[in-house]
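File shown here: entry37.cif, holding mmCIF, C-alpha atoms.
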```
data_model
#
loop_
_atom_site.group_PDB
_atom_site.id
_atom_site.type_symbol
_atom_site.label_atom_id
_atom_site.label_comp_id
_atom_site.auth_asym_id
_atom_site.auth_seq_id
_atom_site.Cartn_x
_atom_site.Cartn_y
_atom_site.Cartn_z
ATOM 1 C CA MET A 1 0.000 0.000 0.000
ATOM 2 C CA GLU A 2 1.277 3.440 -0.849
ATOM 3 C CA LEU A 3 -0.004 6.698 0.557
ATOM 4 C CA ALA A 4 1.082 10.246 -0.204
ATOM 5 C CA LYS A 5 3.594 11.790 2.185
ATOM 6 C CA GLU A 6 1.002 14.404 3.212
ATOM 7 C CA ILE A 7 -1.408 11.671 4.314
ATOM 8 C CA ILE A 8 1.300 9.826 6.254
ATOM 9 C CA ASP A 9 2.331 13.085 7.955
ATOM 10 C CA GLY A 10 -1.303 13.868 8.710
ATOM 11 C CA VAL A 11 -1.848 10.455 10.324
ATOM 12 C CA ALA A 12 1.354 10.975 12.333
ATOM 13 C CA ASN A 13 0.043 14.347 13.570
ATOM 14 C CA ILE A 14 -3.024 12.798 15.212
ATOM 15 C CA GLN A 15 -0.694 11.192 17.801
ATOM 16 C CA ASN A 16 -0.327 14.475 19.647
ATOM 17 C CA SER A 17 -3.117 14.717 22.240
ATOM 18 C CA ASN A 18 -2.323 18.418 22.760
ATOM 19 C CA VAL A 19 -3.284 19.097 19.165
ATOM 20 C CA LEU A 20 -6.250 16.702 19.036
ATOM 21 C CA PRO A 21 -7.886 15.772 22.375
ATOM 22 C CA GLU A 22 -8.779 12.113 22.980
ATOM 23 C CA GLU A 23 -12.550 12.698 23.059
ATOM 24 C CA THR A 24 -12.395 14.622 19.794
ATOM 25 C CA PHE A 25 -10.266 11.868 18.235
ATOM 26 C CA LEU A 26 -12.821 9.182 19.158
ATOM 27 C CA GLN A 27 -15.705 11.326 17.946
ATOM 28 C CA LEU A 28 -13.856 11.914 14.679
ATOM 29 C CA LEU A 29 -13.379 8.154 14.185
ATOM 30 C CA ASP A 30 -17.132 7.638 14.681
ATOM 31 C CA ILE A 31 -17.950 10.287 12.082
ATOM 32 C CA ILE A 32 -15.439 8.829 9.621
ATOM 33 C CA MET A 33 -17.040 5.391 9.919
ATOM 34 C CA LEU A 34 -20.497 6.880 9.432
ATOM 35 C CA HIS A 35 -19.380 8.730 6.300
ATOM 36 C CA ILE A 36 -17.539 5.778 4.799
ATOM 37 C CA SER A 37 -20.461 3.436 5.421
ATOM 38 C CA LYS A 38 -22.897 6.043 4.069
ATOM 39 C CA ASN A 39 -24.948 5.902 7.283
ATOM 40 C CA VAL A 40 -24.877 9.639 7.768
ATOM 41 C CA SER A 41 -27.735 11.930 6.886
ATOM 42 C CA ASN A 42 -26.887 15.320 5.445
ATOM 43 C CA GLY A 43 -25.962 18.020 7.921
ATOM 44 C CA LYS A 44 -26.331 16.029 11.143
ATOM 45 C CA THR A 45 -22.650 15.343 11.700
ATOM 46 C CA ALA A 46 -20.608 18.142 10.204
ATOM 47 C CA VAL A 47 -16.909 17.452 10.560
ATOM 48 C CA ALA A 48 -16.073 21.076 11.323
ATOM 49 C CA ASN A 49 -18.464 21.049 14.317
ATOM 50 C CA VAL A 50 -16.449 18.386 16.133
ATOM 51 C CA TYR A 51 -13.715 20.807 17.206
ATOM 52 C CA PRO A 52 -14.796 24.287 16.028
ATOM 53 C CA SER A 53 -11.651 26.097 17.202
ATOM 54 C CA LYS A 54 -9.466 23.965 14.917
ATOM 55 C CA SER A 55 -11.816 23.003 12.091
ATOM 56 C CA ASP A 56 -8.985 22.926 9.505
ATOM 57 C CA LEU A 57 -7.081 20.404 11.619
ATOM 58 C CA ILE A 58 -10.196 18.240 11.990
ATOM 59 C CA LYS A 59 -10.930 18.328 8.261
ATOM 60 C CA ALA A 60 -7.361 17.322 7.448
ATOM 61 C CA ALA A 61 -7.435 14.502 10.023
ATOM 62 C CA PHE A 62 -10.781 13.349 8.638
ATOM 63 C CA ALA A 63 -9.388 13.188 5.098
ATOM 64 C CA ASN A 64 -6.132 11.492 6.123
ATOM 65 C CA ILE A 65 -7.734 8.802 8.288
ATOM 66 C CA SER A 66 -10.422 8.162 5.655
ATOM 67 C CA CYS A 67 -7.746 7.655 2.990
ATOM 68 C CA LEU A 68 -5.834 5.306 5.299
ATOM 69 C CA PHE A 69 -8.931 3.202 6.040
ATOM 70 C CA ILE A 70 -10.064 3.033 2.420
ATOM 71 C CA GLU A 71 -6.637 2.103 1.066
ATOM 72 C CA ALA A 72 -6.135 -0.509 3.801
ATOM 73 C CA ALA A 73 -9.531 -2.059 3.007
ATOM 74 C CA ARG A 74 -8.813 -1.937 -0.711
ATOM 75 C CA HIS A 75 -5.595 -3.898 -0.138
ATOM 76 C CA ASP A 76 -7.408 -6.237 2.299
ATOM 77 C CA TYR A 77 -5.119 -5.414 5.235
ATOM 78 C CA ASP A 78 -5.808 -7.114 8.520
ATOM 79 C CA GLU A 79 -5.062 -5.438 11.860
ATOM 80 C CA GLU A 80 -1.468 -6.697 12.032
ATOM 81 C CA SER A 81 -0.717 -5.639 8.450
ATOM 82 C CA LEU A 82 -2.022 -2.133 9.108
ATOM 83 C CA LYS A 83 0.026 -1.862 12.332
ATOM 84 C CA HIS A 84 3.097 -3.083 10.467
ATOM 85 C CA PHE A 85 2.524 -0.538 7.678
ATOM 86 C CA LEU A 86 2.173 2.301 10.191
ATOM 87 C CA GLN A 87 5.255 1.173 12.134
ATOM 88 C CA ASN A 88 7.264 1.148 8.896
ATOM 89 C CA GLU A 89 6.208 4.775 8.475
ATOM 90 C CA HIS A 90 7.411 5.456 12.066
ATOM 91 C CA ILE A 91 3.886 5.948 13.372
ATOM 92 C CA ASN A 92 3.044 4.153 16.594
ATOM 93 C CA GLY A 93 1.352 4.742 19.929
ATOM 94 C CA GLN A 94 -1.933 4.259 21.730
ATOM 95 C CA ARG A 95 -3.985 6.094 19.121
ATOM 96 C CA ILE A 96 -2.686 3.796 16.410
ATOM 97 C CA GLU A 97 -3.973 0.849 18.453
ATOM 98 C CA THR A 98 -7.375 2.555 18.599
ATOM 99 C CA LEU A 99 -7.196 3.389 14.909
ATOM 100 C CA CYS A 100 -6.348 -0.201 13.932
ATOM 101 C CA SER A 101 -9.027 -1.746 16.138
ATOM 102 C CA ARG A 102 -11.658 0.662 14.765
ATOM 103 C CA TYR A 103 -10.537 -0.200 11.228
ATOM 104 C CA ILE A 104 -10.717 -3.962 11.756
ATOM 105 C CA ASN A 105 -14.189 -3.681 13.334
ATOM 106 C CA ASN A 106 -15.459 -1.873 10.230
ATOM 107 C CA LYS A 107 -13.326 -3.462 7.506
ATOM 108 C CA GLU A 108 -16.143 -5.513 5.939
ATOM 109 C CA ASN A 109 -18.428 -2.489 5.866
ATOM 110 C CA ILE A 110 -15.729 -0.405 4.157
ATOM 111 C CA GLN A 111 -15.070 -3.131 1.591
ATOM 112 C CA THR A 112 -18.796 -3.442 0.882
ATOM 113 C CA GLN A 113 -18.976 0.290 0.186
ATOM 114 C CA LEU A 114 -15.932 0.018 -2.080
ATOM 115 C CA GLU A 115 -17.664 -2.723 -4.070
ATOM 116 C CA LEU A 116 -20.779 -0.595 -4.445
ATOM 117 C CA THR A 117 -18.764 2.412 -5.531
ATOM 118 C CA GLY A 118 -17.379 2.604 -9.013
ATOM 119 C CA ASN A 119 -18.304 1.493 -12.471
ATOM 120 C CA ASN A 120 -17.118 -2.079 -12.630
ATOM 121 C CA LEU A 121 -18.534 -4.253 -15.359
ATOM 122 C CA PRO A 122 -20.644 -7.266 -14.379
ATOM 123 C CA HIS A 123 -18.785 -10.539 -13.841
ATOM 124 C CA VAL A 124 -20.001 -13.757 -15.433
ATOM 125 C CA VAL A 125 -20.501 -16.234 -12.591
ATOM 126 C CA ASP A 126 -22.444 -19.057 -14.224
ATOM 127 C CA ILE A 127 -23.776 -20.327 -17.542
ATOM 128 C CA ASP A 128 -26.655 -22.784 -17.927
ATOM 129 C CA TRP A 129 -27.763 -24.290 -21.189
ATOM 130 C CA ARG A 130 -30.405 -26.662 -22.505
ATOM 131 C CA LEU A 131 -30.741 -28.321 -25.847
ATOM 132 C CA HIS A 132 -34.143 -28.263 -27.496
ATOM 133 C CA HIS A 133 -35.096 -29.824 -30.730
ATOM 134 C CA CYS A 134 -37.392 -27.706 -32.854
ATOM 135 C CA VAL A 135 -39.494 -29.951 -35.053
ATOM 136 C CA LYS A 136 -41.911 -27.416 -36.471
ATOM 137 C CA MET A 137 -41.698 -23.666 -36.920
ATOM 138 C CA SER A 138 -44.902 -21.894 -37.964
ATOM 139 C CA THR A 139 -46.158 -23.950 -40.868
ATOM 140 C CA ARG A 140 -42.997 -25.741 -41.969
ATOM 141 C CA PHE A 141 -41.026 -28.620 -40.504
ATOM 142 C CA THR A 142 -37.430 -27.741 -39.606
ATOM 143 C CA ASN A 143 -35.906 -30.473 -37.431
ATOM 144 C CA VAL A 144 -33.218 -28.095 -36.013
ATOM 145 C CA PRO A 145 -31.515 -28.263 -32.594
ATOM 146 C CA ILE A 146 -31.782 -25.013 -30.627
ATOM 147 C CA TYR A 147 -29.831 -24.084 -27.506
ATOM 148 C CA ASN A 148 -31.345 -22.013 -24.708
ATOM 149 C CA ILE A 149 -28.518 -20.311 -22.833
ATOM 150 C CA ARG A 150 -28.728 -18.385 -19.556
ATOM 151 C CA VAL A 151 -25.704 -16.342 -18.470
ATOM 152 C CA SER A 152 -25.693 -15.282 -14.808
ATOM 153 C CA THR A 153 -23.797 -12.085 -13.990
ATOM 154 C CA LYS A 154 -22.978 -10.382 -10.722
ATOM 155 C CA GLU A 155 -22.591 -6.650 -10.285
ATOM 156 C CA CYS A 156 -22.530 -4.892 -6.910
ATOM 157 C CA ASN A 157 -23.860 -8.009 -5.147
ATOM 158 C CA GLN A 158 -26.828 -8.191 -7.526
ATOM 159 C CA MET A 159 -27.381 -11.254 -9.676
ATOM 160 C CA ARG A 160 -28.776 -10.735 -13.161
ATOM 161 C CA HIS A 161 -29.587 -13.245 -15.846
ATOM 162 C CA VAL A 162 -29.280 -12.869 -19.606
ATOM 163 C CA THR A 163 -31.179 -15.470 -21.574
ATOM 164 C CA PHE A 164 -30.937 -16.080 -25.308
ATOM 165 C CA THR A 165 -31.543 -18.787 -27.884
ATOM 166 C CA CYS A 166 -29.181 -19.795 -30.666
ATOM 167 C CA THR A 167 -28.618 -22.441 -33.301
ATOM 168 C CA VAL A 168 -25.612 -24.772 -33.487
ATOM 169 C CA GLN A 169 -23.821 -22.437 -35.917
ATOM 170 C CA GLN A 170 -24.461 -19.394 -33.726
ATOM 171 C CA LEU A 171 -23.224 -21.271 -30.666
ATOM 172 C CA GLN A 172 -20.073 -22.346 -32.514
ATOM 173 C CA GLU A 173 -19.489 -18.736 -33.523
ATOM 174 C CA LEU A 174 -19.913 -17.598 -29.917
ATOM 175 C CA VAL A 175 -17.457 -20.234 -28.656
ATOM 176 C CA HIS A 176 -14.959 -19.242 -31.357
ATOM 177 C CA LYS A 177 -15.151 -15.555 -30.389
ATOM 178 C CA LEU A 178 -14.734 -16.421 -26.694
ATOM 179 C CA LYS A 179 -11.637 -18.468 -27.529
ATOM 180 C CA ASP A 180 -10.282 -15.465 -29.464
ATOM 181 C CA VAL A 181 -10.809 -13.290 -26.400
ATOM 182 C CA VAL A 182 -9.010 -15.798 -24.165
ATOM 183 C CA ARG A 183 -6.059 -15.986 -26.581
ATOM 184 C CA HIS A 184 -5.878 -12.201 -26.752
ATOM 185 C CA ILE A 185 -5.898 -11.857 -22.955
ATOM 186 C CA GLU A 186 -3.215 -14.540 -22.606
ATOM 187 C CA LYS A 187 -1.105 -12.734 -25.189
ATOM 188 C CA ILE A 188 -1.456 -9.414 -23.340
ATOM 189 C CA SER A 189 -0.651 -11.000 -19.973
ATOM 190 C CA ASN A 190 2.570 -12.538 -21.362
ATOM 191 C CA ILE A 191 3.915 -9.168 -22.473
#
```

Could you spell out this file's structure in C-alpha cells?
Amino acid sequence: MELAKEIIDGVANIQNSNVLPEETFLQLLDIIMLHISKNVSNGKTAVANVYPSKSDLIKAAFANISCLFIEAARHDYDEESLKHFLQNEHINGQRIETLCSRYINNKENIQTQLELTGNNLPHVVDIDWRLHHCVKMSTRFTNVPIYNIRVSTKECNQMRHVTFTCTVQQLQELVHKLKDVVRHIEKISNI
C-alpha cells in the first residue's frame, strides 16, 4: 500500500493529544465510519463542528484517516498488516492501536462500500444451457436443434440473468469468439 507523504504526515500528527484531544479523536473516528459506510444523513454530523476552534485540523485529520482506512480495506489489510505498515512509516502509539481496532471492526463495511462504488462491469458467474429440438416452426417442418442459454452475472452483489436462444452455428461462432478473447488476454498477460 502506498499513501502520499502528506497523508502519512497527517496520520502521524493525530498522535499528539495536545493538538487533538482524545474525546475529539474518538468522535472523529465515529464520524469517519459513518461517512464511509454512508450511514450519515446530510448536515447532522458536520466534521467542522467536532472541534470548532481547529476546524482545519479536523478536516485534514478526517481526510487522512479516511484515505488510510479506504486504502487498507482496498488492499485487504488485517489489523497486524495495518500496524506493520504504520510502524514502517514510524507511526506508533496508543492512538494507532485505537485506529487499527476501529478499522478492523469496520473493515467488511468499508469493503462493501468500495464494491458498491465505481463502475465495474458485471462478472459472469455461471452459464446454464439446454438443448431443445425444434421440429416445427410456424407452418414448416425444420428439425433443427436449438440451444437455450442463460448467463448469470454479478454486479454490486446483484445477480442478473441474460437469456438467449441460438442455433448450433451461432453457438459455434460464440465459442470461437470467446476463444479469441481468451487468446488475446493470454497474449497481453505474457507481455

Could you give me, as CSV, every region 89-191 of chain A residue with an atom at most 12 Å from region 25-39 of chain A, plus its closest atom pair and distance in Å to one decimal, counting only C-alpha atoms, rows ordered by chain then number?
```
residue,atom,partner,partner_atom,distance
A:Gln94,CA,A:Phe25,CA,11.8
A:Arg95,CA,A:Phe25,CA,8.6
A:Ile96,CA,A:Phe25,CA,11.2
A:Thr98,CA,A:Leu26,CA,8.6
A:Leu99,CA,A:Leu29,CA,7.8
A:Cys100,CA,A:Leu29,CA,10.9
A:Ser101,CA,A:Leu29,CA,11.0
A:Arg102,CA,A:Leu29,CA,7.7
A:Tyr103,CA,A:Met33,CA,8.7
A:Ile104,CA,A:Met33,CA,11.4
A:Asn105,CA,A:Met33,CA,10.1
A:Asn106,CA,A:Met33,CA,7.4
A:Lys107,CA,A:Met33,CA,9.9
A:Glu108,CA,A:Ser37,CA,9.9
A:Asn109,CA,A:Ser37,CA,6.3
A:Ile110,CA,A:Ser37,CA,6.2
A:Gln111,CA,A:Ser37,CA,9.3
A:Thr112,CA,A:Ser37,CA,8.4
A:Gln113,CA,A:Ser37,CA,6.3
A:Leu114,CA,A:Ile36,CA,9.1
A:Glu115,CA,A:Ser37,CA,11.7
A:Leu116,CA,A:Ser37,CA,10.7
A:Thr117,CA,A:Ile36,CA,10.9
```

Gap from CA of Lys177 (chain A) to CA of Val124 (chain A) - Å, one decimal: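 Value for the CA of Lys177 (chain A)-CA of Val124 (chain A) distance: 15.8 Å.
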
Test item: the PyMOL selection byres ((chain A and resi 55-68) around 10) resolved as JSON, numbers by chain: {"A": [1, 2, 3, 4, 6, 7, 8, 9, 10, 11, 12, 13, 14, 19, 20, 24, 25, 28, 29, 31, 32, 33, 35, 36, 46, 47, 48, 49, 50, 51, 52, 53, 54, 69, 70, 71, 72, 73, 74, 82, 86, 99, 103]}

Contacts of Leu131 (chain A) within 8 Å, only C-alpha atoms, excl. fewer than 3 positions in-chain, as a ChimeraX atom specification: /A:145-148

The selected residues should be written to file as a CSV table (one decimal), in the coordinates of the input (atoms: C-alpha atoms).
```csv
chain,number,residue,atom,x,y,z
A,145,PRO,CA,-31.5,-28.3,-32.6
A,146,ILE,CA,-31.8,-25.0,-30.6
A,147,TYR,CA,-29.8,-24.1,-27.5
A,148,ASN,CA,-31.3,-22.0,-24.7
```

Best match for closeness to Gln15 (chain A) among A:Lys83, A:Leu178, A:His133, A:Asn92, counting only C-alpha atoms: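 Ranked by minimum distance to Gln15 (chain A), first place goes to A:Asn92.
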
Surrounding residues of Ile149 (chain A) excluding itself and chain neighbours under 5 positions, 6 Å, only C-alpha atoms, as JSON, numbers by chain: {"A": [128, 129, 163, 164]}

Written selection (C-alpha atoms) as an mmCIF file, in the coordinates of the input:
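Saved the output as selection-v9.cif:
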```
data_model
loop_
_atom_site.group_PDB
_atom_site.id
_atom_site.type_symbol
_atom_site.label_atom_id
_atom_site.label_comp_id
_atom_site.auth_asym_id
_atom_site.auth_seq_id
_atom_site.Cartn_x
_atom_site.Cartn_y
_atom_site.Cartn_z
ATOM 1 C CA ASP A 128 -26.655 -22.784 -17.927
ATOM 2 C CA TRP A 129 -27.763 -24.290 -21.189
ATOM 3 C CA THR A 163 -31.179 -15.470 -21.574
ATOM 4 C CA PHE A 164 -30.937 -16.080 -25.308
#
```

Nearest candidate to Ser152 (chain A) (options A:Ile188, A:Ile91, A:Leu171, A:Ile127; using only C-alpha atoms):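 Looking at the shortest contact to Ser152 (chain A), the residue is A:Ile127.
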
Distance in Å - CA of Ile185 (chain A) versus CA of Val162 (chain A): 23.6 Å

Distance in Å - CA of Val125 (chain A) versus CA of Gln170 (chain A):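 Interatomic distance, CA of Val125 (chain A) to CA of Gln170 (chain A): 21.7 Å.
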
Minimum-distance residue to Asn143 (chain A), chosen among A:Thr167, A:Gly93, A:Glu80, A:Val181 (using all atoms listed in the file):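 Between A:Thr167, A:Gly93, A:Glu80, A:Val181, the residue approaching Asn143 (chain A) most closely is A:Thr167.
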
Result set, the PyMOL selection byres ((chain A and resi 122) around 12) on current file, as a ChimeraX atom specification: /A:115-116,118-121,123-126,151-162
